[in-house]
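The next block holds one structure in the form of structure tokens; read it before the comments.
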Amino acid sequence: MLPETLTQSDVFAYLILPLAIFLARITDVSLGTLRIMLVGRGMRFLAPVLGFFEVLIWLLAIGQIMQNLDNWATYIAYAAGFATGNYVGILLERKLAVGICLVRFIIPGSAARLKRFLDKAGFRVTAVTGHGVQGDVEIVFTIVRRRMLKRLGKLVRRYNPRAFYTVEDVRYARESGDLPLARGPYRRRTLTRKWK
């Protein structure tokens with residue numbers, strides 16, 4: 001327990017308490033963002049644990065607001081913590097890069113060179129033919145872990161800076177058939193040499 005003289009001071013009321021509420025809101029909103037991400041990816045064991053701590057921290061923060069209804073600084077801290085927590089949660093989600101993505105390339109004409117290029121880099125691909133506005137195209141699919149997505153993007157931009165591709169989150173992928181996950185560690189050396 002804090003000494004009563006401290007909790008009754010203006011420094012506590014307008015600096016320490018709002019700062020504590022601000023930090024609590026950053027934490028609980030960030031946990032909420034991560035929890036929603038985990039629920040969307042079917043991680044049913046970790047999501048409830050994050051939810052428990054998210055709500056516990058929220059209750060502590062809102063409890064302090066209710067005990068200090070006449071303190072405008074707590075309202076500002078609560079709102080600012082919520083806004084900052086959204087930003088921090090998004091940064092954490094990107095940093096953790098949990099999950100699997102489907103990457104779809106649309107290549108005019110033949111994609112044989114791209115398929116060989118990706119295969120040498122350790123990515124396994126499947127291709128189908130299609131027809132676009134400007135003629136025949138080949139659509140190349142690969143499934144990668146999200147943490148490999150940035151590297152794959154660099155690799156493809158080296159192959160073709162104007163390549164068109166889309167990325168979709170995949171909730172579940174079972175390794176079978178023609179769309180397996182990339183094998184082994186990504187070969188960084190491919191990024192350092194020009195594709196021929």
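By convention here, the chains of the structure tokens are called A, B, ... in the order presented, each chain's residues are numbered starting at 1, and ligands are numbered starting at 1 in the order presented.
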Using DSSP on the backbone coordinates, identify all residues within chain A classified as helix (DSSP H, G or I); present the result as a PyMOL selection string.
chain A and resi 4-7+10-40+46-67+72-96+112-120+146-159+189-192
Per-residue nearest contacts of range 32-117 of chain A to range 8-26 of chain A (7 Å; only C-alpha atoms) as CSV:
residue,atom,partner,partner_atom,distance
A:Ile57,CA,A:Ala24,CA,6.2
A:Trp58,CA,A:Arg25,CA,6.8
A:Ala61,CA,A:Ile21,CA,5.4
A:Ala73,CA,A:Tyr14,CA,5.9
A:Thr74,CA,A:Pro18,CA,4.8
A:Ala77,CA,A:Phe22,CA,4.7
A:Tyr78,CA,A:Phe22,CA,5.5
A:Ala80,CA,A:Phe22,CA,6.6
A:Gly81,CA,A:Phe22,CA,4.3
A:Phe82,CA,A:Arg25,CA,5.4
A:Thr84,CA,A:Ile26,CA,5.9
A:Gly85,CA,A:Ile26,CA,3.8
Could those selected residues go to a file with C-alpha atoms, as a compact mmCIF listing (two decimals), in the first residue's frame?
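The resulting out_19.txt:
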# COMPACT_ATOMS: atom_id res chain seq x y z
CA ILE A 57 -5.71 -5.38 -16.25
CA TRP A 58 -8.77 -3.61 -17.68
CA ALA A 61 -7.65 0.41 -14.72
CA ALA A 73 -6.39 13.40 -16.13
CA THR A 74 -7.46 9.78 -15.67
CA ALA A 77 -4.83 8.75 -19.78
CA TYR A 78 -7.46 6.05 -20.34
CA ALA A 80 -4.61 7.84 -24.77
CA GLY A 81 -3.68 4.37 -23.46
CA PHE A 82 -6.42 2.81 -25.59
CA THR A 84 -1.55 3.77 -28.05
CA GLY A 85 -2.42 0.16 -27.17
With a cut-off of 6 Å, could you pull out the residues of range 45-102 of chain A touching range 125-146 of chain A and give me the nearest pair of atoms for each, distance in Å to one decimal, using only C-alpha atoms, ordered by chain and ascending number, as a tab-separated table?
residue	atom	partner	partner_atom	distance
A:Ala97	CA	A:Arg146	CA	5.2
A:Gly99	CA	A:Arg146	CA	5.6
A:Ile100	CA	A:Arg145	CA	4.3
A:Cys101	CA	A:Val144	CA	5.4
A:Leu102	CA	A:Ile143	CA	4.5
Can you build me a table of range 39-67 of chain A residues sitting at most 12 Å from range 150-169 of chain A, with the closest atom pair per residue and its distance in Å to one decimal, using only C-alpha atoms, sorted by chain and residue number, as CSV?
residue,atom,partner,partner_atom,distance
A:Gly40,CA,A:Asp169,CA,9.4
A:Arg41,CA,A:Asp169,CA,8.5
A:Gly42,CA,A:Asp169,CA,11.9
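The shortest atom-to-atom distance to Tyr87 in chain A, with only C-alpha atoms taken into account, belongs to A:Gly32 out of A:Asn71, A:Gly32, A:Ala47, A:Gly63.
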What is the CA of Ile62 in chain A to CA of Met43 in chain A distance in Å?
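So the answer is 28.3 Å.
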In Å, how far is it from CA of Leu91 in chain A to CA of Ile65 in chain A?
27.2 Å
Residue list (strand (DSSP E or B), DSSP) for range 54-161 of chain A, as a list in words
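Those in range 54-161 of chain A that DSSP calls strand (DSSP E or B) are Ile100, Cys101, Leu102, Val103, Arg104, Phe105, Ile106, Ile107, Pro108, Thr126, Ala127, Val128, Thr129, Gly130, His131, Gly132, Gly135, Asp136, Val137, Glu138, Ile139, Val140, Phe141, Thr142, Ile143, Val144 and Arg145 of chain A.
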Using only C-alpha atoms, please write the residues we just selected to a file, as a PDB file, in the first residue's frame.
ATOM      1  CA  ILE A 100       0.511 -19.108 -42.406  1.00  0.00           C
ATOM      2  CA  CYS A 101      -0.079 -17.132 -45.607  1.00  0.00           C
ATOM      3  CA  LEU A 102      -1.078 -18.020 -49.126  1.00  0.00           C
ATOM      4  CA  VAL A 103       0.865 -15.957 -51.666  1.00  0.00           C
ATOM      5  CA  ARG A 104      -0.580 -15.761 -55.181  1.00  0.00           C
ATOM      6  CA  PHE A 105       1.484 -14.427 -58.096  1.00  0.00           C
ATOM      7  CA  ILE A 106      -0.100 -13.505 -61.443  1.00  0.00           C
ATOM      8  CA  ILE A 107       2.513 -13.680 -64.185  1.00  0.00           C
ATOM      9  CA  PRO A 108       1.804 -12.754 -67.830  1.00  0.00           C
ATOM     10  CA  THR A 126       1.899 -24.835 -57.648  1.00  0.00           C
ATOM     11  CA  ALA A 127       0.796 -23.089 -60.854  1.00  0.00           C
ATOM     12  CA  VAL A 128      -2.384 -22.930 -62.907  1.00  0.00           C
ATOM     13  CA  THR A 129      -3.049 -21.191 -66.196  1.00  0.00           C
ATOM     14  CA  GLY A 130      -5.611 -18.467 -66.638  1.00  0.00           C
ATOM     15  CA  HIS A 131      -6.635 -15.647 -68.913  1.00  0.00           C
ATOM     16  CA  GLY A 132      -6.322 -11.960 -68.058  1.00  0.00           C
ATOM     17  CA  GLY A 135      -3.876 -12.430 -72.568  1.00  0.00           C
ATOM     18  CA  ASP A 136      -2.762 -15.680 -70.990  1.00  0.00           C
ATOM     19  CA  VAL A 137      -1.328 -15.642 -67.474  1.00  0.00           C
ATOM     20  CA  GLU A 138       0.035 -18.174 -65.067  1.00  0.00           C
ATOM     21  CA  ILE A 139      -1.058 -18.055 -61.427  1.00  0.00           C
ATOM     22  CA  VAL A 140       1.580 -19.333 -59.022  1.00  0.00           C
ATOM     23  CA  PHE A 141       0.682 -20.280 -55.446  1.00  0.00           C
ATOM     24  CA  THR A 142       2.909 -20.878 -52.454  1.00  0.00           C
ATOM     25  CA  ILE A 143       2.118 -21.236 -48.769  1.00  0.00           C
ATOM     26  CA  VAL A 144       4.616 -19.764 -46.317  1.00  0.00           C
ATOM     27  CA  ARG A 145       4.850 -18.990 -42.657  1.00  0.00           C
TER      28      ARG A 145
END
